[in-house]
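This report refers to the structure that appears directly beneath it.
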Amino acid sequence: MTETTISIPAKDGYKLSAILRKPETGIKGFIQIHCGTGIPQKLYANFAKFLSNNGYITLTFDYRGIGQSRPKSLKGFEAFIRDWGQKDMVGVLNWTLDNFPDEKKIVIAHSMGGQMIGLMENNNQIDQLFLIASSTGYWKDMSKPFRWMLPPFWFLYIPASIAVYGYANAKKIKQGEDLPKGVAEEWQKWCIHRDYFETEFGKTLKPLYFNQIEIPIKSIQIADDPIANETTCNKLLNYFYNAPKTIEKVRPKDLSVKKIGHAGFFSRKFKATLWNNLLNDINTLQKDYV
């Protein structure tokens with residue numbers, strides 16, 4: 001396997017930091033991995049290496065304002081979550097289509113990375129789609145007692161942090177990457193509304209492309225995930241109304257572990273189980289669905 005750090009232009013030209021991993025021989029397809037909110041691409045590095053060692057070109061990337069795609073200063077930097085779907089994901093897939101036109105295009109999306117697929121104008125070029133712990137994010141839909149931790153975060157810490165730093169300093173409280181002001185404020189606006197981002201459909205979120213997804217979607221739902229639980233995962237799936245869906249429920253006890261949680265799927269300890277099961281699904285599915 002070879003590993004190369006590259007720069008990919010988003011739809012609007014913003015340069016995104018990405019890592020391209022290629023198997024030495026026997027390429028089976030191309031996998032684009034979408035990060036969750038405030039999660040840098042490095043979290044998915046071992047998972048991507050595993051897939052590349054099993055025959056797939058993989059591409060991880062950081063959204064604008066996050067990880068290696070962060071500017072020198074987030075203060076005054078303009079970015080929104082919708083930019084990650086409308087511009088960043090679109091640009092990365094366009095790059096893939098240009099550079100690897102003959103390979104099957106597979107997207108594995110974690111958390112918010114699955115939501116934004118509905119904003120991708122080119123999402124009809126995706127051949128296989130897997131959602132891992134991907135859901136809507138209304139805080140009252142989340143599981144107890146986790147959801148009661150969110151009001152202080154949304155209504156106290158985020159506004160105060162933005163006032164002091166000019167951005168949401170999430171690293172200070174060990175809640176992922178720092179977030180640009182626009183990202184944090186937009187995320188907050190969605191998460192405190194019972195209809196989540198649906199209130200922005202036709203406004204800031206337009207056009208929508210959920211209807212373009214007609215390939216089967218597999219949603220992997222983690223039983224002890226307080227964020228992407230059964231309610232929030234299935235709410236997201238409902239937006240992909242033209243796509244057949246399959247749900248796989250993963251329970252910690254079935255894997256003889258105490259906890260998996262929201263991002264635990266990507267831990268190396270699940271290489272022989274969760275990762276291998278997903279690899280088998282990728283190998284089995286074909287583009288020509290009936």
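As shown in the structure tokens, the chain order sets the letters A, B, ...; within each chain, residues go from 1, and ligands are also counted from 1 in the order they appear.
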
Extract the full set of strand (DSSP E or B) residues from region 8-152 of chain A according to DSSP on the backbone, and format it as a JSON list (two decimals) with all heavy atoms, in the first residue's frame.
```json
[["chain", "number", "residue", "atom", "x", "y", "z"],
["A", 8, "ILE", "N", -6.96, 18.73, -2.46],
["A", 8, "ILE", "CA", -8.08, 18.60, -3.40],
["A", 8, "ILE", "C", -8.93, 19.86, -3.32],
["A", 8, "ILE", "O", -9.29, 20.30, -2.22],
["A", 8, "ILE", "CB", -8.94, 17.36, -3.08],
["A", 8, "ILE", "CG1", -8.12, 16.08, -3.25],
["A", 8, "ILE", "CG2", -10.18, 17.31, -3.95],
["A", 8, "ILE", "CD1", -8.87, 14.82, -2.89],
["A", 9, "PRO", "N", -9.26, 20.46, -4.45],
["A", 9, "PRO", "CA", -10.10, 21.66, -4.40],
["A", 9, "PRO", "C", -11.57, 21.32, -4.15],
["A", 9, "PRO", "O", -12.12, 20.39, -4.76],
["A", 9, "PRO", "CB", -9.92, 22.27, -5.79],
["A", 9, "PRO", "CG", -9.61, 21.10, -6.67],
["A", 9, "PRO", "CD", -8.82, 20.15, -5.82],
["A", 15, "LYS", "N", -8.90, 24.72, -0.76],
["A", 15, "LYS", "CA", -8.02, 23.56, -0.76],
["A", 15, "LYS", "C", -8.24, 22.70, 0.49],
["A", 15, "LYS", "O", -8.12, 23.17, 1.62],
["A", 15, "LYS", "CB", -6.55, 24.01, -0.81],
["A", 15, "LYS", "CG", -6.20, 24.79, -2.07],
["A", 15, "LYS", "CD", -6.39, 23.94, -3.33],
["A", 15, "LYS", "CE", -5.95, 24.71, -4.58],
["A", 15, "LYS", "NZ", -6.13, 23.91, -5.81],
["A", 16, "LEU", "N", -8.53, 21.43, 0.25],
["A", 16, "LEU", "CA", -8.78, 20.48, 1.32],
["A", 16, "LEU", "C", -7.61, 19.51, 1.43],
["A", 16, "LEU", "O", -7.12, 18.99, 0.42],
["A", 16, "LEU", "CB", -10.06, 19.70, 1.04],
["A", 16, "LEU", "CG", -11.34, 20.51, 0.85],
["A", 16, "LEU", "CD1", -12.47, 19.61, 0.36],
["A", 16, "LEU", "CD2", -11.74, 21.24, 2.13],
["A", 17, "SER", "N", -7.18, 19.27, 2.65],
["A", 17, "SER", "CA", -6.12, 18.30, 2.88],
["A", 17, "SER", "C", -6.70, 16.89, 2.86],
["A", 17, "SER", "O", -7.72, 16.62, 3.51],
["A", 17, "SER", "CB", -5.43, 18.56, 4.22],
["A", 17, "SER", "OG", -4.44, 17.59, 4.48],
["A", 18, "ALA", "N", -6.05, 16.00, 2.11],
["A", 18, "ALA", "CA", -6.56, 14.64, 1.97],
["A", 18, "ALA", "C", -5.40, 13.65, 1.96],
["A", 18, "ALA", "O", -4.26, 14.01, 1.68],
["A", 18, "ALA", "CB", -7.38, 14.51, 0.69],
["A", 19, "ILE", "N", -5.72, 12.40, 2.25],
["A", 19, "ILE", "CA", -4.73, 11.33, 2.17],
["A", 19, "ILE", "C", -5.28, 10.23, 1.26],
["A", 19, "ILE", "O", -6.36, 9.70, 1.50],
["A", 19, "ILE", "CB", -4.38, 10.75, 3.55],
["A", 19, "ILE", "CG1", -3.74, 11.84, 4.43],
["A", 19, "ILE", "CG2", -3.43, 9.56, 3.42],
["A", 19, "ILE", "CD1", -3.42, 11.38, 5.84],
["A", 20, "LEU", "N", -4.51, 9.94, 0.24],
["A", 20, "LEU", "CA", -4.87, 8.91, -0.74],
["A", 20, "LEU", "C", -4.05, 7.66, -0.44],
["A", 20, "LEU", "O", -2.82, 7.72, -0.35],
["A", 20, "LEU", "CB", -4.58, 9.41, -2.16],
["A", 20, "LEU", "CG", -4.93, 8.46, -3.30],
["A", 20, "LEU", "CD1", -6.44, 8.35, -3.46],
["A", 20, "LEU", "CD2", -4.29, 8.96, -4.61],
["A", 21, "ARG", "N", -4.74, 6.55, -0.29],
["A", 21, "ARG", "CA", -4.08, 5.27, -0.03],
["A", 21, "ARG", "C", -4.44, 4.30, -1.16],
["A", 21, "ARG", "O", -5.61, 4.13, -1.49],
["A", 21, "ARG", "CB", -4.49, 4.71, 1.32],
["A", 21, "ARG", "CG", -4.11, 5.61, 2.49],
["A", 21, "ARG", "CD", -4.64, 5.09, 3.82],
["A", 21, "ARG", "NE", -4.16, 5.89, 4.94],
["A", 21, "ARG", "CZ", -4.79, 6.96, 5.43],
["A", 21, "ARG", "NH1", -5.93, 7.38, 4.86],
["A", 21, "ARG", "NH2", -4.29, 7.63, 6.46],
["A", 22, "LYS", "N", -3.41, 3.66, -1.72],
["A", 22, "LYS", "CA", -3.62, 2.78, -2.87],
["A", 22, "LYS", "C", -2.99, 1.42, -2.63],
["A", 22, "LYS", "O", -1.85, 1.34, -2.18],
["A", 22, "LYS", "CB", -3.02, 3.41, -4.14],
["A", 22, "LYS", "CG", -3.65, 4.72, -4.55],
["A", 22, "LYS", "CD", -2.93, 5.34, -5.74],
["A", 22, "LYS", "CE", -3.10, 4.50, -6.99],
["A", 22, "LYS", "NZ", -2.48, 5.17, -8.18],
["A", 29, "GLY", "N", -11.96, -1.02, -6.20],
["A", 29, "GLY", "CA", -12.84, 0.13, -6.22],
["A", 29, "GLY", "C", -12.24, 1.29, -5.45],
["A", 29, "GLY", "O", -11.11, 1.20, -4.95],
["A", 30, "PHE", "N", -13.00, 2.38, -5.35],
["A", 30, "PHE", "CA", -12.53, 3.60, -4.70],
["A", 30, "PHE", "C", -13.49, 3.95, -3.56],
["A", 30, "PHE", "O", -14.70, 4.06, -3.77],
["A", 30, "PHE", "CB", -12.48, 4.75, -5.71],
["A", 30, "PHE", "CG", -11.79, 5.99, -5.21],
["A", 30, "PHE", "CD1", -10.51, 6.29, -5.62],
["A", 30, "PHE", "CD2", -12.42, 6.84, -4.31],
["A", 30, "PHE", "CE1", -9.86, 7.43, -5.15],
["A", 30, "PHE", "CE2", -11.78, 7.98, -3.83],
["A", 30, "PHE", "CZ", -10.50, 8.27, -4.26],
["A", 31, "ILE", "N", -12.94, 4.14, -2.37],
["A", 31, "ILE", "CA", -13.77, 4.45, -1.19],
["A", 31, "ILE", "C", -13.45, 5.85, -0.67],
["A", 31, "ILE", "O", -12.32, 6.17, -0.34],
["A", 31, "ILE", "CB", -13.54, 3.42, -0.07],
["A", 31, "ILE", "CG1", -13.96, 2.02, -0.55],
["A", 31, "ILE", "CG2", -14.34, 3.81, 1.17],
["A", 31, "ILE", "CD1", -13.71, 0.92, 0.47],
["A", 32, "GLN", "N", -14.48, 6.69, -0.60],
["A", 32, "GLN", "CA", -14.39, 8.04, -0.06],
["A", 32, "GLN", "C", -15.02, 8.01, 1.32],
["A", 32, "GLN", "O", -16.16, 7.59, 1.49],
["A", 32, "GLN", "CB", -15.14, 9.01, -0.98],
["A", 32, "GLN", "CG", -15.23, 10.44, -0.50],
["A", 32, "GLN", "CD", -15.83, 11.35, -1.58],
["A", 32, "GLN", "OE1", -15.51, 11.23, -2.76],
["A", 32, "GLN", "NE2", -16.71, 12.25, -1.18],
["A", 33, "ILE", "N", -14.27, 8.44, 2.34],
["A", 33, "ILE", "CA", -14.74, 8.39, 3.72],
["A", 33, "ILE", "C", -15.10, 9.79, 4.21],
["A", 33, "ILE", "O", -14.29, 10.71, 4.13],
["A", 33, "ILE", "CB", -13.67, 7.76, 4.63],
["A", 33, "ILE", "CG1", -13.39, 6.30, 4.18],
["A", 33, "ILE", "CG2", -14.12, 7.78, 6.09],
["A", 33, "ILE", "CD1", -12.27, 5.63, 4.92],
["A", 34, "HIS", "N", -16.33, 9.93, 4.71],
["A", 34, "HIS", "CA", -16.82, 11.21, 5.21],
["A", 34, "HIS", "C", -16.73, 11.24, 6.74],
["A", 34, "HIS", "O", -17.28, 10.38, 7.42],
["A", 34, "HIS", "CB", -18.28, 11.43, 4.81],
["A", 34, "HIS", "CG", -18.48, 11.68, 3.36],
["A", 34, "HIS", "ND1", -19.72, 11.92, 2.81],
["A", 34, "HIS", "CD2", -17.60, 11.72, 2.33],
["A", 34, "HIS", "CE1", -19.60, 12.09, 1.50],
["A", 34, "HIS", "NE2", -18.32, 11.98, 1.19],
["A", 56, "TYR", "N", -8.80, -1.79, -1.92],
["A", 56, "TYR", "CA", -9.53, -0.57, -2.28],
["A", 56, "TYR", "C", -8.66, 0.68, -2.17],
["A", 56, "TYR", "O", -7.92, 0.84, -1.18],
["A", 56, "TYR", "CB", -10.77, -0.41, -1.39],
["A", 56, "TYR", "CG", -11.83, -1.43, -1.71],
["A", 56, "TYR", "CD1", -11.85, -2.66, -1.05],
["A", 56, "TYR", "CD2", -12.78, -1.20, -2.70],
["A", 56, "TYR", "CE1", -12.80, -3.62, -1.35],
["A", 56, "TYR", "CE2", -13.74, -2.15, -3.02],
["A", 56, "TYR", "CZ", -13.75, -3.36, -2.34],
["A", 56, "TYR", "OH", -14.68, -4.32, -2.66],
["A", 57, "ILE", "N", -8.74, 1.53, -3.16],
["A", 57, "ILE", "CA", -8.17, 2.87, -3.02],
["A", 57, "ILE", "C", -9.05, 3.59, -2.01],
["A", 57, "ILE", "O", -10.28, 3.53, -2.09],
["A", 57, "ILE", "CB", -8.20, 3.63, -4.36],
["A", 57, "ILE", "CG1", -7.45, 2.85, -5.44],
["A", 57, "ILE", "CG2", -7.61, 5.03, -4.21],
["A", 57, "ILE", "CD1", -7.67, 3.40, -6.84],
["A", 58, "THR", "N", -8.46, 4.26, -1.04],
["A", 58, "THR", "CA", -9.25, 5.01, -0.07],
["A", 58, "THR", "C", -8.81, 6.47, -0.03],
["A", 58, "THR", "O", -7.64, 6.79, -0.26],
["A", 58, "THR", "CB", -9.15, 4.42, 1.35],
["A", 58, "THR", "OG1", -7.78, 4.46, 1.78],
["A", 58, "THR", "CG2", -9.67, 3.00, 1.38],
["A", 59, "LEU", "N", -9.76, 7.31, 0.28],
["A", 59, "LEU", "CA", -9.48, 8.74, 0.40],
["A", 59, "LEU", "C", -10.15, 9.27, 1.66],
["A", 59, "LEU", "O", -11.37, 9.18, 1.82],
["A", 59, "LEU", "CB", -10.01, 9.50, -0.82],
["A", 59, "LEU", "CG", -9.65, 11.00, -0.83],
["A", 59, "LEU", "CD1", -8.18, 11.18, -1.17],
["A", 59, "LEU", "CD2", -10.50, 11.75, -1.85],
["A", 60, "THR", "N", -9.34, 9.78, 2.57],
["A", 60, "THR", "CA", -9.86, 10.51, 3.72],
["A", 60, "THR", "C", -9.52, 11.98, 3.52],
["A", 60, "THR", "O", -8.54, 12.31, 2.86],
["A", 60, "THR", "CB", -9.25, 10.00, 5.04],
["A", 60, "THR", "OG1", -7.82, 10.17, 5.00],
["A", 60, "THR", "CG2", -9.59, 8.54, 5.28],
["A", 61, "PHE", "N", -10.32, 12.85, 4.09],
["A", 61, "PHE", "CA", -10.06, 14.29, 3.92],
["A", 61, "PHE", "C", -10.66, 15.06, 5.08],
["A", 61, "PHE", "O", -11.58, 14.59, 5.76],
["A", 61, "PHE", "CB", -10.62, 14.80, 2.58],
["A", 61, "PHE", "CG", -12.12, 14.72, 2.45],
["A", 61, "PHE", "CD1", -12.92, 15.85, 2.62],
["A", 61, "PHE", "CD2", -12.76, 13.52, 2.14],
["A", 61, "PHE", "CE1", -14.30, 15.79, 2.50],
["A", 61, "PHE", "CE2", -14.14, 13.44, 2.01],
["A", 61, "PHE", "CZ", -14.91, 14.57, 2.19],
["A", 105, "LYS", "N", -17.40, 3.73, -7.25],
["A", 105, "LYS", "CA", -17.33, 4.80, -6.26],
["A", 105, "LYS", "C", -18.15, 4.42, -5.03],
["A", 105, "LYS", "O", -19.38, 4.30, -5.10],
["A", 105, "LYS", "CB", -17.85, 6.12, -6.85],
["A", 105, "LYS", "CG", -17.21, 6.51, -8.20],
["A", 105, "LYS", "CD", -15.70, 6.62, -8.11],
["A", 105, "LYS", "CE", -15.08, 7.09, -9.41],
["A", 105, "LYS", "NZ", -15.22, 6.11, -10.52],
["A", 106, "ILE", "N", -17.47, 4.28, -3.92],
["A", 106, "ILE", "CA", -18.11, 3.86, -2.67],
["A", 106, "ILE", "C", -17.92, 4.96, -1.64],
["A", 106, "ILE", "O", -16.83, 5.52, -1.51],
["A", 106, "ILE", "CB", -17.45, 2.56, -2.16],
["A", 106, "ILE", "CG1", -17.56, 1.46, -3.22],
["A", 106, "ILE", "CG2", -18.07, 2.11, -0.84],
["A", 106, "ILE", "CD1", -16.50, 0.39, -3.10],
["A", 107, "VAL", "N", -18.99, 5.31, -0.94],
["A", 107, "VAL", "CA", -18.90, 6.29, 0.14],
["A", 107, "VAL", "C", -19.26, 5.61, 1.45],
["A", 107, "VAL", "O", -20.30, 4.96, 1.56],
["A", 107, "VAL", "CB", -19.83, 7.49, -0.11],
["A", 107, "VAL", "CG1", -19.89, 8.39, 1.14],
["A", 107, "VAL", "CG2", -19.34, 8.32, -1.30],
["A", 108, "ILE", "N", -18.38, 5.78, 2.43],
["A", 108, "ILE", "CA", -18.64, 5.35, 3.80],
["A", 108, "ILE", "C", -18.71, 6.63, 4.63],
["A", 108, "ILE", "O", -17.72, 7.36, 4.72],
["A", 108, "ILE", "CB", -17.56, 4.41, 4.33],
["A", 108, "ILE", "CG1", -17.52, 3.12, 3.49],
["A", 108, "ILE", "CG2", -17.81, 4.08, 5.80],
["A", 108, "ILE", "CD1", -16.41, 2.17, 3.88],
["A", 109, "ALA", "N", -19.87, 6.90, 5.19],
["A", 109, "ALA", "CA", -20.08, 8.17, 5.89],
["A", 109, "ALA", "C", -20.35, 7.93, 7.36],
["A", 109, "ALA", "O", -21.20, 7.10, 7.73],
["A", 109, "ALA", "CB", -21.25, 8.92, 5.25],
["A", 110, "HIS", "N", -19.65, 8.65, 8.20],
["A", 110, "HIS", "CA", -19.83, 8.55, 9.64],
["A", 110, "HIS", "C", -20.56, 9.79, 10.15],
["A", 110, "HIS", "O", -20.25, 10.92, 9.76],
["A", 110, "HIS", "CB", -18.46, 8.45, 10.34],
["A", 110, "HIS", "CG", -18.54, 8.43, 11.82],
["A", 110, "HIS", "ND1", -17.70, 9.15, 12.63],
["A", 110, "HIS", "CD2", -19.38, 7.76, 12.67],
["A", 110, "HIS", "CE1", -17.99, 8.93, 13.89],
["A", 110, "HIS", "NE2", -19.01, 8.10, 13.95],
["A", 128, "GLN", "N", -22.04, 2.74, -4.17],
["A", 128, "GLN", "CA", -22.39, 2.06, -2.92],
["A", 128, "GLN", "C", -22.34, 3.07, -1.80],
["A", 128, "GLN", "O", -21.47, 3.95, -1.78],
["A", 128, "GLN", "CB", -21.42, 0.91, -2.62],
["A", 128, "GLN", "CG", -21.50, -0.27, -3.56],
["A", 128, "GLN", "CD", -20.53, -1.39, -3.15],
["A", 128, "GLN", "OE1", -19.98, -1.39, -2.05],
["A", 128, "GLN", "NE2", -20.31, -2.34, -4.04],
["A", 129, "LEU", "N", -23.27, 2.95, -0.84],
["A", 129, "LEU", "CA", -23.35, 3.92, 0.24],
["A", 129, "LEU", "C", -23.59, 3.21, 1.57],
["A", 129, "LEU", "O", -24.55, 2.46, 1.73],
["A", 129, "LEU", "CB", -24.48, 4.92, -0.03],
["A", 129, "LEU", "CG", -24.75, 5.99, 1.03],
["A", 129, "LEU", "CD1", -23.51, 6.80, 1.35],
["A", 129, "LEU", "CD2", -25.89, 6.91, 0.59],
["A", 130, "PHE", "N", -22.71, 3.50, 2.51],
["A", 130, "PHE", "CA", -22.80, 2.93, 3.85],
["A", 130, "PHE", "C", -22.81, 4.07, 4.86],
["A", 130, "PHE", "O", -21.95, 4.95, 4.82],
["A", 130, "PHE", "CB", -21.62, 2.00, 4.14],
["A", 130, "PHE", "CG", -21.56, 0.81, 3.22],
["A", 130, "PHE", "CD1", -20.89, 0.89, 2.01],
["A", 130, "PHE", "CD2", -22.17, -0.38, 3.57],
["A", 130, "PHE", "CE1", -20.83, -0.20, 1.16],
["A", 130, "PHE", "CE2", -22.12, -1.48, 2.73],
["A", 130, "PHE", "CZ", -21.46, -1.39, 1.52],
["A", 131, "LEU", "N", -23.76, 4.05, 5.77],
["A", 131, "LEU", "CA", -23.86, 5.05, 6.83],
["A", 131, "LEU", "C", -23.52, 4.38, 8.16],
["A", 131, "LEU", "O", -24.14, 3.38, 8.53],
["A", 131, "LEU", "CB", -25.27, 5.64, 6.89],
["A", 131, "LEU", "CG", -25.83, 6.23, 5.60],
["A", 131, "LEU", "CD1", -27.24, 6.77, 5.84],
["A", 131, "LEU", "CD2", -24.92, 7.32, 5.05],
["A", 132, "ILE", "N", -22.55, 4.92, 8.86],
["A", 132, "ILE", "CA", -22.13, 4.37, 10.15],
["A", 132, "ILE", "C", -22.42, 5.38, 11.25],
["A", 132, "ILE", "O", -21.88, 6.49, 11.24],
["A", 132, "ILE", "CB", -20.64, 3.99, 10.13],
["A", 132, "ILE", "CG1", -20.37, 2.95, 9.04],
["A", 132, "ILE", "CG2", -20.20, 3.48, 11.50],
["A", 132, "ILE", "CD1", -18.92, 2.60, 8.86]]
```

If we count only C-alpha atoms and set the cut-off at 9 Å, which residues sit around Arg147 (chain A), ignoring sequence neighbours fewer than 6 positions away in its own chain? Please answer as a tab-separated table (two decimals) with C-alpha atoms, in the first residue's frame.
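So the final result, stored in around_6.tsv, reads:
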```tsv
chain	number	residue	atom	x	y	z
A	139	TRP	CA	-30.86	16.93	21.15
A	140	LYS	CA	-34.11	15.71	22.72
A	141	ASP	CA	-34.08	12.68	20.41
A	226	PRO	CA	-26.44	7.99	22.57
A	227	ILE	CA	-26.28	10.30	19.54
```

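Shell of Asn211 (chain A) at 10 Å, with only C-alpha atoms counted and residues fewer than 6 places along the chain excluded, is Gly118, Asn123, Asn124, Tyr239, Phe240, Tyr241, Asn242 and Ala243 of chain A.
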
Grab the residues selected above and save them as a CSV table (one decimal), in the first residue's frame with N, CA, C and O atoms.
```csv
chain,number,residue,atom,x,y,z
A,118,GLY,N,-27.1,14.4,1.2
A,118,GLY,CA,-28.3,15.0,0.6
A,118,GLY,C,-28.1,16.3,0.0
A,118,GLY,O,-29.0,16.8,-0.8
A,123,ASN,N,-24.3,13.3,-6.0
A,123,ASN,CA,-24.4,12.1,-5.3
A,123,ASN,C,-24.9,10.9,-6.1
A,123,ASN,O,-24.8,9.8,-5.7
A,124,ASN,N,-25.5,11.2,-7.3
A,124,ASN,CA,-26.0,10.1,-8.1
A,124,ASN,C,-24.8,9.4,-8.8
A,124,ASN,O,-25.1,8.4,-9.5
A,239,TYR,N,-35.2,10.6,4.8
A,239,TYR,CA,-35.0,11.6,3.8
A,239,TYR,C,-34.5,11.0,2.5
A,239,TYR,O,-34.8,11.6,1.4
A,240,PHE,N,-33.9,9.8,2.5
A,240,PHE,CA,-33.5,9.1,1.3
A,240,PHE,C,-34.7,8.3,0.8
A,240,PHE,O,-34.6,7.1,0.8
A,241,TYR,N,-35.8,8.9,0.4
A,241,TYR,CA,-37.0,8.2,0.2
A,241,TYR,C,-37.0,7.4,-1.1
A,241,TYR,O,-37.9,6.5,-1.2
A,242,ASN,N,-36.1,7.5,-2.0
A,242,ASN,CA,-36.0,6.7,-3.2
A,242,ASN,C,-35.1,5.5,-3.1
A,242,ASN,O,-34.9,4.8,-4.0
A,243,ALA,N,-34.5,5.4,-1.9
A,243,ALA,CA,-33.4,4.4,-1.8
A,243,ALA,C,-33.9,3.2,-0.9
A,243,ALA,O,-34.5,3.4,0.2
```

So which residues touch Pro207 (chain A) within 12 Å, counting only C-alpha atoms, skipping near sequence neighbours fewer than 2 positions away, as a list in words?
-> Arg82, Gly85, Gln86, Gly118, Leu119, Met120, Glu121, Asn122, Glu200, Phe201, Gly202, Lys203, Thr204, Leu205, Tyr209, Phe210, Asn211 and Gln212 of chain A

Would you please extract all alpha helix (DSSP H) residues from region 16-189 of chain A, as assigned by DSSP on the backbone, and give them as a PyMOL selection string?
-> chain A and resi 45-53+81-83+90-99+112-115+150-152+158-165+181-189

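A straight line drawn from CA of Leu97 (chain A) to CA of Leu278 (chain A) is 23.3 Å long.
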
Could you pull the residues within 9 Å of Ala170 (chain A), counting only C-alpha atoms, minus those fewer than 3 positions along the same chain, as a PyMOL selection string?
-> chain A and resi 38+158+161+167+173-179

Emit the selected residues as a JSON list (two decimals), in the first residue's frame, including C-alpha atoms.
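Final output, out32.json:
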```json
[["chain", "number", "residue", "atom", "x", "y", "z"],
["A", 38, "GLY", "CA", -15.42, 18.09, 14.47],
["A", 158, "ILE", "CA", -20.77, 27.62, 22.51],
["A", 161, "SER", "CA", -16.54, 30.39, 23.50],
["A", 167, "TYR", "CA", -14.81, 30.34, 17.15],
["A", 173, "ILE", "CA", -13.32, 20.77, 26.75],
["A", 174, "LYS", "CA", -12.14, 17.71, 24.79],
["A", 175, "GLN", "CA", -15.12, 17.67, 22.43],
["A", 176, "GLY", "CA", -13.31, 17.18, 19.13],
["A", 177, "GLU", "CA", -11.79, 19.75, 16.81],
["A", 178, "ASP", "CA", -12.37, 23.48, 17.19],
["A", 179, "LEU", "CA", -15.22, 24.65, 14.96]]
```

Find the residues near Ile222 (chain A): any atom within 12 Å, counting only C-alpha atoms, skip ones fewer than 3 places away on the same chain, and give them as a short mmCIF file (atom, residue, chain, number, x, y, z; two decimals) with N, CA and C atoms, in the first residue's frame.
```cif
data_model
loop_
_atom_site.label_atom_id
_atom_site.label_comp_id
_atom_site.auth_asym_id
_atom_site.auth_seq_id
_atom_site.Cartn_x
_atom_site.Cartn_y
_atom_site.Cartn_z
N HIS A 110 -19.65 8.65 8.20
CA HIS A 110 -19.83 8.55 9.64
C HIS A 110 -20.56 9.79 10.15
N SER A 111 -21.55 9.57 11.00
CA SER A 111 -22.23 10.65 11.71
C SER A 111 -22.77 11.71 10.74
N LEU A 131 -23.76 4.05 5.77
CA LEU A 131 -23.86 5.05 6.83
C LEU A 131 -23.52 4.38 8.16
N ILE A 132 -22.55 4.92 8.86
CA ILE A 132 -22.13 4.37 10.15
C ILE A 132 -22.42 5.38 11.25
N ALA A 133 -23.31 5.00 12.17
CA ALA A 133 -23.70 5.92 13.26
C ALA A 133 -24.07 7.28 12.71
N SER A 134 -24.84 7.27 11.64
CA SER A 134 -25.21 8.51 10.94
C SER A 134 -26.69 8.79 11.16
N SER A 135 -26.98 10.02 11.55
CA SER A 135 -28.34 10.32 12.00
C SER A 135 -28.63 11.81 11.95
N SER A 219 -27.39 1.10 6.72
CA SER A 219 -27.21 1.92 7.92
C SER A 219 -26.76 1.02 9.06
N ASP A 225 -24.91 3.82 21.25
CA ASP A 225 -24.59 5.17 20.75
C ASP A 225 -25.70 6.12 21.21
N PRO A 226 -25.40 7.08 22.08
CA PRO A 226 -26.44 7.99 22.57
C PRO A 226 -26.84 9.05 21.56
N ILE A 227 -26.01 9.27 20.55
CA ILE A 227 -26.28 10.30 19.54
C ILE A 227 -27.06 9.72 18.37
N ALA A 228 -26.44 8.75 17.70
CA ALA A 228 -27.08 8.10 16.55
C ALA A 228 -27.80 6.85 17.04
N ASN A 229 -28.91 7.06 17.72
CA ASN A 229 -29.69 5.93 18.22
C ASN A 229 -30.73 5.52 17.17
N GLU A 230 -31.59 4.60 17.50
CA GLU A 230 -32.56 4.10 16.53
C GLU A 230 -33.45 5.22 15.99
N THR A 231 -33.88 6.11 16.87
CA THR A 231 -34.76 7.22 16.46
C THR A 231 -34.07 8.16 15.48
N THR A 232 -32.88 8.63 15.83
CA THR A 232 -32.21 9.63 14.99
C THR A 232 -31.68 9.02 13.69
N CYS A 233 -31.20 7.78 13.75
CA CYS A 233 -30.72 7.12 12.53
C CYS A 233 -31.85 6.95 11.52
N ILE A 247 -30.83 -2.10 7.57
CA ILE A 247 -30.30 -1.67 8.86
C ILE A 247 -29.59 -2.83 9.53
N GLU A 248 -28.37 -2.56 9.98
CA GLU A 248 -27.62 -3.54 10.76
C GLU A 248 -27.41 -2.99 12.16
N LYS A 249 -27.93 -3.68 13.15
CA LYS A 249 -27.78 -3.25 14.53
C LYS A 249 -26.59 -3.95 15.16
N VAL A 250 -25.71 -3.18 15.74
CA VAL A 250 -24.51 -3.71 16.37
C VAL A 250 -24.61 -3.52 17.88
N ARG A 251 -24.51 -4.62 18.61
CA ARG A 251 -24.61 -4.58 20.08
C ARG A 251 -23.27 -4.95 20.70
N PRO A 252 -22.80 -4.17 21.65
CA PRO A 252 -21.51 -4.48 22.29
C PRO A 252 -21.42 -5.90 22.82
N LYS A 253 -22.49 -6.40 23.42
CA LYS A 253 -22.43 -7.74 24.02
C LYS A 253 -22.19 -8.82 22.97
N ASP A 254 -22.65 -8.57 21.73
CA ASP A 254 -22.44 -9.56 20.67
C ASP A 254 -20.98 -9.65 20.25
N LEU A 255 -20.21 -8.61 20.61
CA LEU A 255 -18.79 -8.57 20.28
C LEU A 255 -17.92 -8.76 21.52
N LYS A 259 -18.38 -1.49 25.52
CA LYS A 259 -18.77 -0.22 24.92
C LYS A 259 -18.26 -0.11 23.49
N ILE A 260 -19.09 0.49 22.63
CA ILE A 260 -18.66 0.86 21.27
C ILE A 260 -18.84 2.36 21.10
N GLY A 261 -20.05 2.86 21.34
CA GLY A 261 -20.30 4.29 21.31
C GLY A 261 -20.37 4.88 19.91
N HIS A 262 -20.29 6.20 19.83
CA HIS A 262 -20.54 6.91 18.58
C HIS A 262 -19.42 6.74 17.55
N ALA A 263 -18.20 6.67 17.99
CA ALA A 263 -17.07 6.57 17.05
C ALA A 263 -16.27 5.29 17.23
N GLY A 264 -16.71 4.41 18.12
CA GLY A 264 -15.94 3.22 18.43
C GLY A 264 -15.80 2.23 17.29
N PHE A 265 -16.71 2.28 16.31
CA PHE A 265 -16.63 1.39 15.15
C PHE A 265 -15.24 1.43 14.52
N PHE A 266 -14.58 2.58 14.58
CA PHE A 266 -13.32 2.78 13.86
C PHE A 266 -12.09 2.40 14.69
N LEU A 274 -16.26 -6.04 12.99
CA LEU A 274 -17.04 -5.00 12.29
C LEU A 274 -16.41 -4.60 10.96
#
```

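Atom pair CA of Gln125 (chain A) / CA of Ser7 (chain A) has a distance of 21.5 Å (rounded to one decimal).
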
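With only C-alpha atoms as the atoms that count, the minimum distance from Glu185 (chain A) to the choices A:Trp154, A:Asn53, A:Asp98, A:Met1 is reached by A:Trp154.
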